[in-house]
$ cat protein.pdb   # PDB, C-alpha atoms
ATOM      1  CA  MET D   1    -130.344 151.714 -66.614
ATOM      2  CA  GLU D   2    -128.477 152.095 -63.325
ATOM      3  CA  ILE D   3    -124.731 151.524 -63.642
ATOM      4  CA  TYR D   4    -122.420 151.182 -60.644
ATOM      5  CA  TYR D   5    -118.685 151.741 -60.536
ATOM      6  CA  GLN D   6    -115.923 151.376 -57.974
ATOM      7  CA  LYS D   7    -116.919 154.671 -56.328
ATOM      8  CA  ASP D   8    -120.435 153.316 -55.686
ATOM      9  CA  VAL D   9    -119.236 150.287 -53.728
ATOM     10  CA  GLU D  10    -119.661 150.527 -49.974
ATOM     11  CA  PRO D  11    -116.197 150.285 -48.367
ATOM     12  CA  GLY D  12    -115.771 147.148 -46.306
ATOM     13  CA  ALA D  13    -119.003 145.505 -47.495
ATOM     14  CA  ILE D  14    -117.318 142.101 -47.691
ATOM     15  CA  ASP D  15    -114.148 142.798 -45.694
ATOM     16  CA  GLY D  16    -113.387 139.833 -43.471
ATOM     17  CA  LYS D  17    -115.868 137.641 -45.348
ATOM     18  CA  LYS D  18    -114.801 134.198 -46.529
ATOM     19  CA  VAL D  19    -115.722 133.394 -50.135
ATOM     20  CA  ALA D  20    -116.215 129.942 -51.641
ATOM     21  CA  ILE D  21    -115.969 129.564 -55.414
ATOM     22  CA  LEU D  22    -117.677 126.337 -56.483
ATOM     23  CA  GLY D  23    -116.108 125.199 -59.722
ATOM     24  CA  TYR D  24    -112.819 126.135 -61.365
ATOM     25  CA  GLY D  25    -113.683 126.354 -65.034
ATOM     26  CA  SER D  26    -113.754 129.412 -67.267
ATOM     27  CA  GLN D  27    -115.473 131.772 -64.818
ATOM     28  CA  GLY D  28    -114.413 129.912 -61.674
ATOM     29  CA  HIS D  29    -110.681 130.376 -62.127
ATOM     30  CA  ALA D  30    -111.128 134.063 -63.036
ATOM     31  CA  HIS D  31    -113.314 134.863 -60.033
ATOM     32  CA  ALA D  32    -111.077 132.993 -57.595
ATOM     33  CA  LEU D  33    -107.843 134.578 -58.800
ATOM     34  CA  ASN D  34    -109.252 138.090 -59.150
ATOM     35  CA  LEU D  35    -110.807 138.004 -55.684
ATOM     36  CA  ARG D  36    -107.581 136.668 -54.191
ATOM     37  CA  ASP D  37    -105.610 139.443 -55.847
ATOM     38  CA  SER D  38    -108.146 141.925 -54.460
ATOM     39  CA  GLY D  39    -107.260 140.773 -50.934
ATOM     40  CA  ILE D  40    -110.334 138.621 -50.314
ATOM     41  CA  ASP D  41    -110.163 135.302 -48.443
ATOM     42  CA  VAL D  42    -110.998 132.691 -51.117
ATOM     43  CA  ARG D  43    -111.284 128.937 -51.207
ATOM     44  CA  VAL D  44    -112.281 126.737 -54.152
ATOM     45  CA  GLY D  45    -114.819 123.940 -53.753
ATOM     46  CA  LEU D  46    -114.511 121.029 -56.177
ATOM     47  CA  ARG D  47    -115.983 117.578 -56.693
ATOM     48  CA  GLU D  48    -113.907 114.618 -55.579
ATOM     49  CA  GLY D  49    -111.464 113.661 -58.324
ATOM     50  CA  SER D  50    -111.812 116.962 -60.185
ATOM     51  CA  ASN D  51    -109.158 117.582 -62.833
ATOM     52  CA  SER D  52    -109.107 121.229 -61.788
ATOM     53  CA  LYS D  53    -107.713 120.576 -58.314
ATOM     54  CA  ALA D  54    -104.057 120.648 -59.372
ATOM     55  CA  LYS D  55    -104.588 123.827 -61.433
ATOM     56  CA  ALA D  56    -106.109 125.677 -58.495
ATOM     57  CA  GLN D  57    -103.442 124.468 -56.078
ATOM     58  CA  GLU D  58    -100.685 125.531 -58.469
ATOM     59  CA  GLU D  59    -102.066 129.061 -58.168
ATOM     60  CA  GLY D  60    -101.754 128.844 -54.395
ATOM     61  CA  LEU D  61    -105.502 128.648 -53.791
ATOM     62  CA  ALA D  62    -107.000 126.647 -50.944
ATOM     63  CA  VAL D  63    -108.985 123.724 -52.367
ATOM     64  CA  THR D  64    -111.516 121.557 -50.592
ATOM     65  CA  ASP D  65    -114.745 119.698 -51.293
ATOM     66  CA  MET D  66    -117.866 121.727 -52.017
ATOM     67  CA  ALA D  67    -119.646 121.000 -48.744
ATOM     68  CA  THR D  68    -116.657 122.073 -46.662
ATOM     69  CA  ALA D  69    -116.127 125.181 -48.775
ATOM     70  CA  ALA D  70    -119.755 126.217 -48.252
ATOM     71  CA  LYS D  71    -119.568 125.546 -44.526
ATOM     72  CA  GLU D  72    -116.439 127.661 -44.130
ATOM     73  CA  ALA D  73    -117.668 130.566 -46.249
ATOM     74  CA  ASP D  74    -119.936 133.547 -45.731
ATOM     75  CA  ILE D  75    -120.374 134.006 -49.489
ATOM     76  CA  VAL D  76    -120.856 131.081 -51.888
ATOM     77  CA  MET D  77    -120.578 131.621 -55.646
ATOM     78  CA  MET D  78    -122.082 128.858 -57.812
ATOM     79  CA  LEU D  79    -119.855 128.504 -60.881
ATOM     80  CA  CYS D  80    -120.377 124.829 -61.655
ATOM     81  CA  PRO D  81    -122.374 123.881 -64.815
ATOM     82  CA  ASP D  82    -126.016 125.015 -64.882
ATOM     83  CA  THR D  83    -127.375 121.476 -65.115
ATOM     84  CA  GLU D  84    -125.413 120.348 -62.050
ATOM     85  CA  GLN D  85    -126.161 123.244 -59.722
ATOM     86  CA  LYS D  86    -129.520 122.005 -58.398
ATOM     87  CA  LYS D  87    -128.114 118.657 -57.257
ATOM     88  CA  ILE D  88    -124.972 120.252 -55.801
ATOM     89  CA  TYR D  89    -126.972 122.879 -53.934
ATOM     90  CA  GLU D  90    -129.489 120.450 -52.480
ATOM     91  CA  GLU D  91    -126.977 117.752 -51.508
ATOM     92  CA  GLN D  92    -123.905 119.727 -50.461
ATOM     93  CA  ILE D  93    -124.609 123.423 -50.051
ATOM     94  CA  ALA D  94    -128.029 124.127 -48.536
ATOM     95  CA  GLU D  95    -127.412 122.490 -45.163
ATOM     96  CA  ASN D  96    -123.954 124.031 -44.867
ATOM     97  CA  MET D  97    -124.956 127.677 -45.285
ATOM     98  CA  LYS D  98    -125.765 129.808 -42.234
ATOM     99  CA  HIS D  99    -128.500 132.374 -41.745
ATOM    100  CA  GLY D 100    -127.360 135.649 -43.289
ATOM    101  CA  ASP D 101    -124.894 134.025 -45.689
ATOM    102  CA  THR D 102    -124.874 135.084 -49.342
ATOM    103  CA  LEU D 103    -125.552 132.774 -52.285
ATOM    104  CA  LEU D 104    -124.327 134.135 -55.605
ATOM    105  CA  PHE D 105    -124.698 133.134 -59.250
ATOM    106  CA  ALA D 106    -123.052 134.268 -62.493
ATOM    107  CA  HIS D 107    -126.094 133.257 -64.565
ATOM    108  CA  GLY D 108    -129.785 133.509 -63.757
ATOM    109  CA  PHE D 109    -130.716 130.036 -65.045
ATOM    110  CA  ASN D 110    -131.263 128.092 -61.819
ATOM    111  CA  ILE D 111    -133.024 130.878 -59.924
ATOM    112  CA  HIS D 112    -135.177 132.134 -62.787
ATOM    113  CA  PHE D 113    -136.360 128.653 -63.792
ATOM    114  CA  ASN D 114    -136.939 127.650 -60.139
ATOM    115  CA  CYS D 115    -134.416 124.819 -60.168
ATOM    116  CA  ILE D 116    -132.969 126.120 -56.904
ATOM    117  CA  THR D 117    -135.086 127.586 -54.109
ATOM    118  CA  PRO D 118    -132.694 129.203 -51.590
ATOM    119  CA  ASP D 119    -133.503 129.266 -47.907
ATOM    120  CA  PRO D 120    -135.332 132.525 -47.007
ATOM    121  CA  SER D 121    -132.569 133.394 -44.534
ATOM    122  CA  LEU D 122    -129.998 133.804 -47.308
ATOM    123  CA  ASP D 123    -129.113 136.814 -49.407
ATOM    124  CA  VAL D 124    -129.227 135.836 -53.089
ATOM    125  CA  GLY D 125    -127.495 137.806 -55.812
ATOM    126  CA  MET D 126    -125.982 137.653 -59.267
ATOM    127  CA  ILE D 127    -122.782 138.977 -60.822
ATOM    128  CA  ALA D 128    -122.699 138.002 -64.496
ATOM    129  CA  PRO D 129    -119.581 139.210 -66.352
ATOM    130  CA  LYS D 130    -120.275 140.007 -69.999
ATOM    131  CA  GLY D 131    -117.310 138.050 -71.264
ATOM    132  CA  PRO D 132    -115.664 134.619 -70.922
ATOM    133  CA  GLY D 133    -113.538 133.828 -67.886
ATOM    134  CA  HIS D 134    -110.168 134.136 -69.600
ATOM    135  CA  LEU D 135    -111.105 137.699 -70.587
ATOM    136  CA  VAL D 136    -112.308 138.493 -67.052
ATOM    137  CA  ARG D 137    -108.920 137.394 -65.740
ATOM    138  CA  ARG D 138    -106.757 138.950 -68.440
ATOM    139  CA  THR D 139    -108.523 142.309 -68.295
ATOM    140  CA  PHE D 140    -108.160 142.373 -64.507
ATOM    141  CA  VAL D 141    -104.425 141.609 -64.688
ATOM    142  CA  GLU D 142    -104.041 144.433 -67.212
ATOM    143  CA  GLY D 143    -105.679 146.843 -64.768
ATOM    144  CA  GLY D 144    -109.142 146.941 -66.283
ATOM    145  CA  GLY D 145    -112.401 145.103 -65.790
ATOM    146  CA  VAL D 146    -115.102 143.380 -67.814
ATOM    147  CA  PRO D 147    -118.591 144.895 -67.340
ATOM    148  CA  ALA D 148    -121.139 142.744 -65.531
ATOM    149  CA  LEU D 149    -124.866 142.534 -64.939
ATOM    150  CA  VAL D 150    -125.780 142.526 -61.244
ATOM    151  CA  ALA D 151    -129.023 141.669 -59.509
ATOM    152  CA  VAL D 152    -130.490 140.894 -56.105
ATOM    153  CA  GLY D 153    -132.960 138.039 -55.971
ATOM    154  CA  GLN D 154    -133.434 137.909 -52.200
ATOM    155  CA  ASP D 155    -132.403 140.428 -49.543
ATOM    156  CA  ALA D 156    -132.623 138.700 -46.173
ATOM    157  CA  THR D 157    -130.126 140.933 -44.360
ATOM    158  CA  GLY D 158    -130.807 144.312 -45.920
ATOM    159  CA  SER D 159    -127.239 144.454 -47.246
ATOM    160  CA  ALA D 160    -127.423 142.056 -50.188
ATOM    161  CA  LYS D 161    -126.916 144.735 -52.826
ATOM    162  CA  GLN D 162    -123.846 146.130 -51.094
ATOM    163  CA  LYS D 163    -122.297 142.667 -50.947
ATOM    164  CA  VAL D 164    -123.111 141.940 -54.584
ATOM    165  CA  LEU D 165    -121.483 145.187 -55.714
ATOM    166  CA  ALA D 166    -118.437 144.604 -53.510
ATOM    167  CA  TYR D 167    -117.992 141.117 -54.931
ATOM    168  CA  GLY D 168    -118.343 142.519 -58.445
ATOM    169  CA  ALA D 169    -115.699 145.128 -57.687
ATOM    170  CA  GLY D 170    -113.453 142.354 -56.399
ATOM    171  CA  ILE D 171    -113.412 140.656 -59.808
ATOM    172  CA  GLY D 172    -112.873 143.954 -61.649
ATOM    173  CA  ALA D 173    -116.415 144.765 -62.738
ATOM    174  CA  GLY D 174    -116.357 148.022 -60.783
ATOM    175  CA  ILE D 175    -113.995 149.385 -63.430
ATOM    176  CA  GLY D 176    -115.939 148.096 -66.434
ATOM    177  CA  GLY D 177    -119.303 149.007 -64.928
ATOM    178  CA  MET D 178    -121.966 146.967 -63.143
ATOM    179  CA  LEU D 179    -125.354 147.275 -64.834
ATOM    180  CA  GLU D 180    -128.396 146.667 -62.643
ATOM    181  CA  SER D 181    -130.627 143.914 -64.006
ATOM    182  CA  THR D 182    -132.738 140.956 -62.838
ATOM    183  CA  PHE D 183    -132.269 137.199 -62.865
ATOM    184  CA  LYS D 184    -135.050 136.985 -65.478
ATOM    185  CA  GLU D 185    -133.597 139.613 -67.806
ATOM    186  CA  GLU D 186    -130.031 138.315 -67.618
ATOM    187  CA  CYS D 187    -131.046 134.691 -68.114
ATOM    188  CA  GLU D 188    -133.443 135.167 -71.015
ATOM    189  CA  THR D 189    -131.293 137.661 -72.937
ATOM    190  CA  ASP D 190    -128.132 135.619 -72.357
ATOM    191  CA  LEU D 191    -129.706 132.423 -73.685
ATOM    192  CA  PHE D 192    -131.210 134.305 -76.625
ATOM    193  CA  GLY D 193    -127.893 135.921 -77.543
ATOM    194  CA  GLU D 194    -126.065 132.604 -77.379
ATOM    195  CA  GLN D 195    -128.597 130.707 -79.453
ATOM    196  CA  VAL D 196    -129.557 133.298 -82.048
ATOM    197  CA  VAL D 197    -126.339 135.268 -82.594
ATOM    198  CA  LEU D 198    -123.120 134.508 -80.779
ATOM    199  CA  CYS D 199    -122.964 130.729 -80.927
ATOM    200  CA  GLY D 200    -125.948 129.225 -82.720
ATOM    201  CA  GLY D 201    -126.830 131.677 -85.467
ATOM    202  CA  LEU D 202    -123.253 132.709 -86.156
ATOM    203  CA  VAL D 203    -121.944 129.146 -86.464
ATOM    204  CA  ALA D 204    -124.820 128.164 -88.749
ATOM    205  CA  LEU D 205    -124.228 131.229 -90.936
ATOM    206  CA  VAL D 206    -120.499 130.551 -91.217
ATOM    207  CA  GLN D 207    -120.894 126.857 -91.976
ATOM    208  CA  ASN D 208    -123.660 127.326 -94.536
ATOM    209  CA  SER D 209    -121.796 130.076 -96.364
ATOM    210  CA  PHE D 210    -118.639 127.916 -96.388
ATOM    211  CA  GLU D 211    -120.588 124.952 -97.768
ATOM    212  CA  THR D 212    -122.195 127.154-100.450
ATOM    213  CA  LEU D 213    -118.816 128.295-101.782
ATOM    214  CA  VAL D 214    -117.251 124.822-101.675
ATOM    215  CA  ALA D 215    -120.266 123.275-103.431
ATOM    216  CA  ALA D 216    -119.878 125.921-106.142
ATOM    217  CA  GLY D 217    -116.318 124.726-106.797
ATOM    218  CA  TYR D 218    -114.263 127.255-104.837
ATOM    219  CA  GLN D 219    -111.229 126.102-102.826
ATOM    220  CA  PRO D 220    -112.140 125.240 -99.196
ATOM    221  CA  GLU D 221    -109.164 127.278 -97.981
ATOM    222  CA  VAL D 222    -110.405 130.400 -99.761
ATOM    223  CA  ALA D 223    -113.937 129.771 -98.458
ATOM    224  CA  TYR D 224    -112.527 129.471 -94.914
ATOM    225  CA  PHE D 225    -110.807 132.844 -95.163
ATOM    226  CA  GLU D 226    -113.871 134.589 -96.549
ATOM    227  CA  CYS D 227    -116.491 133.046 -94.264
ATOM    228  CA  LEU D 228    -114.656 132.489 -90.969
ATOM    229  CA  HIS D 229    -111.163 133.976 -90.702
ATOM    230  CA  GLU D 230    -112.120 137.542 -91.603
ATOM    231  CA  LEU D 231    -115.056 137.435 -89.221
ATOM    232  CA  LYS D 232    -112.817 138.522 -86.336
ATOM    233  CA  LEU D 233    -111.748 141.648 -88.221
ATOM    234  CA  ILE D 234    -115.359 142.718 -88.719
ATOM    235  CA  ALA D 235    -116.351 141.768 -85.166
ATOM    236  CA  ASP D 236    -113.463 143.828 -83.779
ATOM    237  CA  LEU D 237    -114.571 146.864 -85.778
ATOM    238  CA  MET D 238    -118.151 146.498 -84.506
ATOM    239  CA  TYR D 239    -116.880 145.980 -80.932
ATOM    240  CA  GLU D 240    -114.764 149.128 -81.087
ATOM    241  CA  GLN D 241    -116.886 151.426 -83.272
ATOM    242  CA  GLY D 242    -120.390 150.000 -83.549
ATOM    243  CA  ILE D 243    -122.093 148.958 -86.768
ATOM    244  CA  GLY D 244    -121.818 152.431 -88.257
ATOM    245  CA  GLY D 245    -118.093 152.555 -87.578
ATOM    246  CA  MET D 246    -117.613 149.141 -89.144
ATOM    247  CA  LEU D 247    -119.489 150.157 -92.296
ATOM    248  CA  TYR D 248    -117.437 153.350 -92.506
ATOM    249  CA  SER D 249    -114.199 151.360 -92.258
ATOM    250  CA  ILE D 250    -114.892 148.841 -95.019
ATOM    251  CA  SER D 251    -114.893 149.501 -98.761
ATOM    252  CA  ASP D 252    -117.833 151.158-100.513
ATOM    253  CA  THR D 253    -118.394 147.937-102.436
ATOM    254  CA  ALA D 254    -118.575 145.901 -99.215
ATOM    255  CA  GLU D 255    -120.867 148.462 -97.596
ATOM    256  CA  TYR D 256    -123.243 148.535-100.586
ATOM    257  CA  GLY D 257    -123.338 144.740-100.625
ATOM    258  CA  ALA D 258    -124.091 144.682 -96.908
ATOM    259  CA  LEU D 259    -126.864 147.278 -97.106
ATOM    260  CA  THR D 260    -128.588 145.684-100.111
ATOM    261  CA  ARG D 261    -128.131 141.975 -99.377
ATOM    262  CA  GLY D 262    -128.022 141.561 -95.605
ATOM    263  CA  ASP D 263    -131.794 141.525 -95.114
ATOM    264  CA  ARG D 264    -132.119 138.891 -97.829
ATOM    265  CA  ILE D 265    -130.209 136.521 -95.516
ATOM    266  CA  VAL D 266    -131.820 137.573 -92.253
ATOM    267  CA  ASP D 267    -135.358 138.117 -93.526
ATOM    268  CA  ASP D 268    -138.858 138.012 -92.047
ATOM    269  CA  LYS D 269    -138.742 134.215 -91.871
ATOM    270  CA  THR D 270    -135.512 134.389 -89.861
ATOM    271  CA  ARG D 271    -137.024 137.050 -87.591
ATOM    272  CA  LYS D 272    -140.009 134.787 -86.901
ATOM    273  CA  SER D 273    -137.589 131.972 -86.005
ATOM    274  CA  MET D 274    -135.858 134.337 -83.586
ATOM    275  CA  GLU D 275    -139.185 135.190 -81.973
ATOM    276  CA  LYS D 276    -140.012 131.482 -81.634
ATOM    277  CA  ILE D 277    -136.665 130.768 -79.978
ATOM    278  CA  LEU D 278    -137.203 133.673 -77.574
ATOM    279  CA  ALA D 279    -140.671 132.306 -76.715
ATOM    280  CA  GLU D 280    -139.147 128.879 -75.971
ATOM    281  CA  ILE D 281    -136.667 130.525 -73.617
ATOM    282  CA  GLN D 282    -139.288 132.670 -71.888
ATOM    283  CA  SER D 283    -141.678 129.770 -71.364
ATOM    284  CA  GLY D 284    -138.973 127.581 -69.831
ATOM    285  CA  ASP D 285    -139.251 125.011 -72.637
ATOM    286  CA  PHE D 286    -135.569 125.319 -73.544
ATOM    287  CA  ALA D 287    -134.521 124.924 -69.901
ATOM    288  CA  LYS D 288    -136.662 121.790 -69.537
ATOM    289  CA  GLU D 289    -135.288 120.372 -72.792
ATOM    290  CA  TRP D 290    -131.665 121.008 -71.796
ATOM    291  CA  ILE D 291    -132.107 119.621 -68.278
ATOM    292  CA  ALA D 292    -133.817 116.497 -69.685
ATOM    293  CA  GLU D 293    -131.015 116.054 -72.227
ATOM    294  CA  SER D 294    -128.404 116.328 -69.494
ATOM    295  CA  ASP D 295    -130.268 114.041 -67.090
ATOM    296  CA  GLY D 296    -130.659 111.493 -69.888
ATOM    297  CA  GLY D 297    -126.914 111.147 -70.439
ATOM    298  CA  ARG D 298    -126.458 113.821 -73.137
ATOM    299  CA  LYS D 299    -126.535 111.260 -75.979
ATOM    300  CA  ASN D 300    -128.042 113.643 -78.536
ATOM    301  CA  PHE D 301    -125.771 116.471 -77.360
ATOM    302  CA  GLU D 302    -122.661 114.335 -77.766
ATOM    303  CA  LYS D 303    -123.811 113.121 -81.202
ATOM    304  CA  MET D 304    -124.201 116.712 -82.387
ATOM    305  CA  GLU D 305    -120.834 117.656 -80.885
ATOM    306  CA  ALA D 306    -119.137 114.807 -82.741
ATOM    307  CA  ALA D 307    -120.788 115.781 -86.036
ATOM    308  CA  GLN D 308    -119.676 119.372 -85.572
ATOM    309  CA  ALA D 309    -116.077 118.299 -84.947
ATOM    310  CA  LYS D 310    -116.035 116.389 -88.262
ATOM    311  CA  HIS D 311    -117.240 119.300 -90.387
ATOM    312  CA  GLN D 312    -114.905 120.141 -93.263
ATOM    313  CA  ILE D 313    -114.456 123.703 -92.025
ATOM    314  CA  GLU D 314    -112.788 122.346 -88.871
ATOM    315  CA  GLU D 315    -110.272 120.297 -90.850
ATOM    316  CA  VAL D 316    -109.435 123.177 -93.186
ATOM    317  CA  GLY D 317    -109.266 125.680 -90.338
ATOM    318  CA  GLU D 318    -106.895 123.586 -88.252
ATOM    319  CA  LYS D 319    -104.488 123.331 -91.169
ATOM    320  CA  LEU D 320    -104.593 127.055 -91.949
ATOM    321  CA  ARG D 321    -104.315 128.225 -88.338
ATOM    322  CA  LYS D 322    -101.082 126.264 -87.947
ATOM    323  CA  MET D 323     -99.650 128.478 -90.689
ATOM    324  CA  MET D 324    -100.409 131.656 -88.724
ATOM    325  CA  PRO D 325     -97.778 132.223 -85.994
ATOM    326  CA  TRP D 326     -99.735 135.146 -84.535
ATOM    327  CA  ILE D 327    -102.576 132.943 -83.221
ATOM    328  CA  SER D 328    -102.555 130.113 -80.696
ATOM    329  CA  GLU D 329    -102.374 127.093 -83.017
ATOM    330  CA  GLY D 330     -99.753 128.816 -85.139
ATOM    331  CA  LYS D 331     -97.627 129.611 -82.099
ATOM    332  CA  LYS D 332     -97.863 125.991 -80.973
ATOM    333  CA  SER D 333     -96.886 124.770 -84.451
ATOM    334  CA  VAL D 334     -93.823 127.031 -84.516
ATOM    335  CA  GLN D 335     -92.738 125.816 -81.073
ATOM    336  CA  GLU D 336     -93.113 122.167 -82.099
ATOM    337  CA  SER D 337     -91.183 122.624 -85.347
ATOM    338  CA  SER D 338     -88.337 124.381 -83.523
ATOM    339  CA  GLY D 339     -88.232 121.781 -80.759
ATOM    340  CA  GLY D 340     -89.434 124.337 -78.186
TER
END

$ encode --input "protein.pdb" --output "structure tokens"
Amino acid sequence: MEIYYQKDVEPGAIDGKKVAILGYGSQGHAHALNLRDSGIDVRVGLREGSNSKAKAQEEGLAVTDMATAAKEADIVMMLCPDTEQKKIYEEQIAENMKHGDTLLFAHGFNIHFNCITPDPSLDVGMIAPKGPGHLVRRTFVEGGGVPALVAVGQDATGSAKQKVLAYGAGIGAGIGGMLESTFKEECETDLFGEQVVLCGGLVALVQNSFETLVAAGYQPEVAYFECLHELKLIADLMYEQGIGGMLYSISDTAEYGALTRGDRIVDDKTRKSMEKILAEIQSGDFAKEWIAESDGGRKNFEKMEAAQAKHQIEEVGEKLRKMMPWISEGKKSVQESSGG
């Protein structure tokens, strides 16, 4: 795999270019602030009535509507929700971009699944940080950078790659490392990781293990600590030292239990489910399902969200986290009790 760092970025590749960040959510705020602090001319494009307008203005950023932002800019980064990008691009962006401008994405979804077909005169690229926006911003402020996947989907000017790398360096990825990829690879692996491990599989594992202990008569608070709270400690060890380092750091009893029982939880049946989910992503079935759900008003999505919020583990966790002054809810609880 080709990895690019600050030294590989062509000096001046986007000097004097105006950048429009469309959206000011998790990634949007991080990109806008990091680019600004890197000396790049940034404006934020938002929908009329957006709740994010005041937040962006408080940071001293220029804020305008999306169409105006695209018209003013030489580089447009799409950081609005995946399911909204097609409509926004077709109605507000496409006609306002000039020949030779650059259209960027932080996720391959809309290009890979052919939701958006950019004009042939545009450079099209991707800078996908491998971390949430708050981490992209915090790491940058601390002098570091979150690694990112980068790709070129269309090179109309012959300089698309240089501009993609320069943009990536502007948000700090030149320090963390920019790994060359494709829209297809980033999109399919990102969706798979979210659904099977990081968000879907992990949440299901935590909730089912919690329910198993509670149903067996154990205190919900103890089940919370064992099945959710300590998860961060193990994840941190894996993040810092890999799986081998994590196993070395835990007790022999825990390691033996992991080595002899883990594949009884994630077995051949689970592996086949993973393969089926990957096939649904690769075929575009998941994208079609999610777009249809969103276009239909998200009724099923909101029903599942509401059910998740009512799960017993959420109630128990909220109570316990307020007792821990070293994490966010605990800090807030301490401030409220002291009148701060």

$ resolve_selection --input "protein.pdb" --expression "the PyMOL selection byres ((chain D and resi 142-148) around 8)" --output "PDB file with C-alpha atoms, in the coordinates of the input"
ATOM      1  CA  ILE D 127    -122.782 138.977 -60.822  1.00  0.00           C
ATOM      2  CA  ALA D 128    -122.699 138.002 -64.496  1.00  0.00           C
ATOM      3  CA  PRO D 129    -119.581 139.210 -66.352  1.00  0.00           C
ATOM      4  CA  LYS D 130    -120.275 140.007 -69.999  1.00  0.00           C
ATOM      5  CA  GLY D 131    -117.310 138.050 -71.264  1.00  0.00           C
ATOM      6  CA  LEU D 135    -111.105 137.699 -70.587  1.00  0.00           C
ATOM      7  CA  VAL D 136    -112.308 138.493 -67.052  1.00  0.00           C
ATOM      8  CA  ARG D 138    -106.757 138.950 -68.440  1.00  0.00           C
ATOM      9  CA  THR D 139    -108.523 142.309 -68.295  1.00  0.00           C
ATOM     10  CA  PHE D 140    -108.160 142.373 -64.507  1.00  0.00           C
ATOM     11  CA  VAL D 141    -104.425 141.609 -64.688  1.00  0.00           C
ATOM     12  CA  LEU D 149    -124.866 142.534 -64.939  1.00  0.00           C
ATOM     13  CA  VAL D 150    -125.780 142.526 -61.244  1.00  0.00           C
ATOM     14  CA  GLY D 168    -118.343 142.519 -58.445  1.00  0.00           C
ATOM     15  CA  ILE D 171    -113.412 140.656 -59.808  1.00  0.00           C
ATOM     16  CA  GLY D 172    -112.873 143.954 -61.649  1.00  0.00           C
ATOM     17  CA  ALA D 173    -116.415 144.765 -62.738  1.00  0.00           C
ATOM     18  CA  GLY D 174    -116.357 148.022 -60.783  1.00  0.00           C
ATOM     19  CA  ILE D 175    -113.995 149.385 -63.430  1.00  0.00           C
ATOM     20  CA  GLY D 176    -115.939 148.096 -66.434  1.00  0.00           C
ATOM     21  CA  GLY D 177    -119.303 149.007 -64.928  1.00  0.00           C
ATOM     22  CA  MET D 178    -121.966 146.967 -63.143  1.00  0.00           C
ATOM     23  CA  LEU D 179    -125.354 147.275 -64.834  1.00  0.00           C
TER      24      LEU D 179
END

$ axis_aligned_box --input "protein.pdb" --around "range 201-209 of chain D" --padding-each-side "6 Å" --output "JSON"
{"center_x": -123.7, "center_y": 129.8, "center_z": -90.9, "size_x": 18.3, "size_y": 17.9, "size_z": 22.9}

$ residues_around --input "protein.pdb" --residues "Ile111 in chain D" --least-positions-apart "6" --cutoff "10 Å" --atoms "all atoms listed in the file" --output "list in words"
Lys86, Phe105, Thr117, Pro118, Val124, Gly125, Met126, Gly153, Phe183, Lys184 and Cys187 of chain D

$ closest_residue --input "protein.pdb" --among "D:Val203, D:Cys80, D:Leu103, D:Leu213" --to "Gln154 in chain D" --atoms "all atoms listed in the file"
D:Leu103

$ closest_residue --input "protein.pdb" --among "D:Glu72, D:Leu278, D:Gln162, D:Gly170" --to "His31 in chain D" --atoms "all atoms listed in the file"
D:Gly170
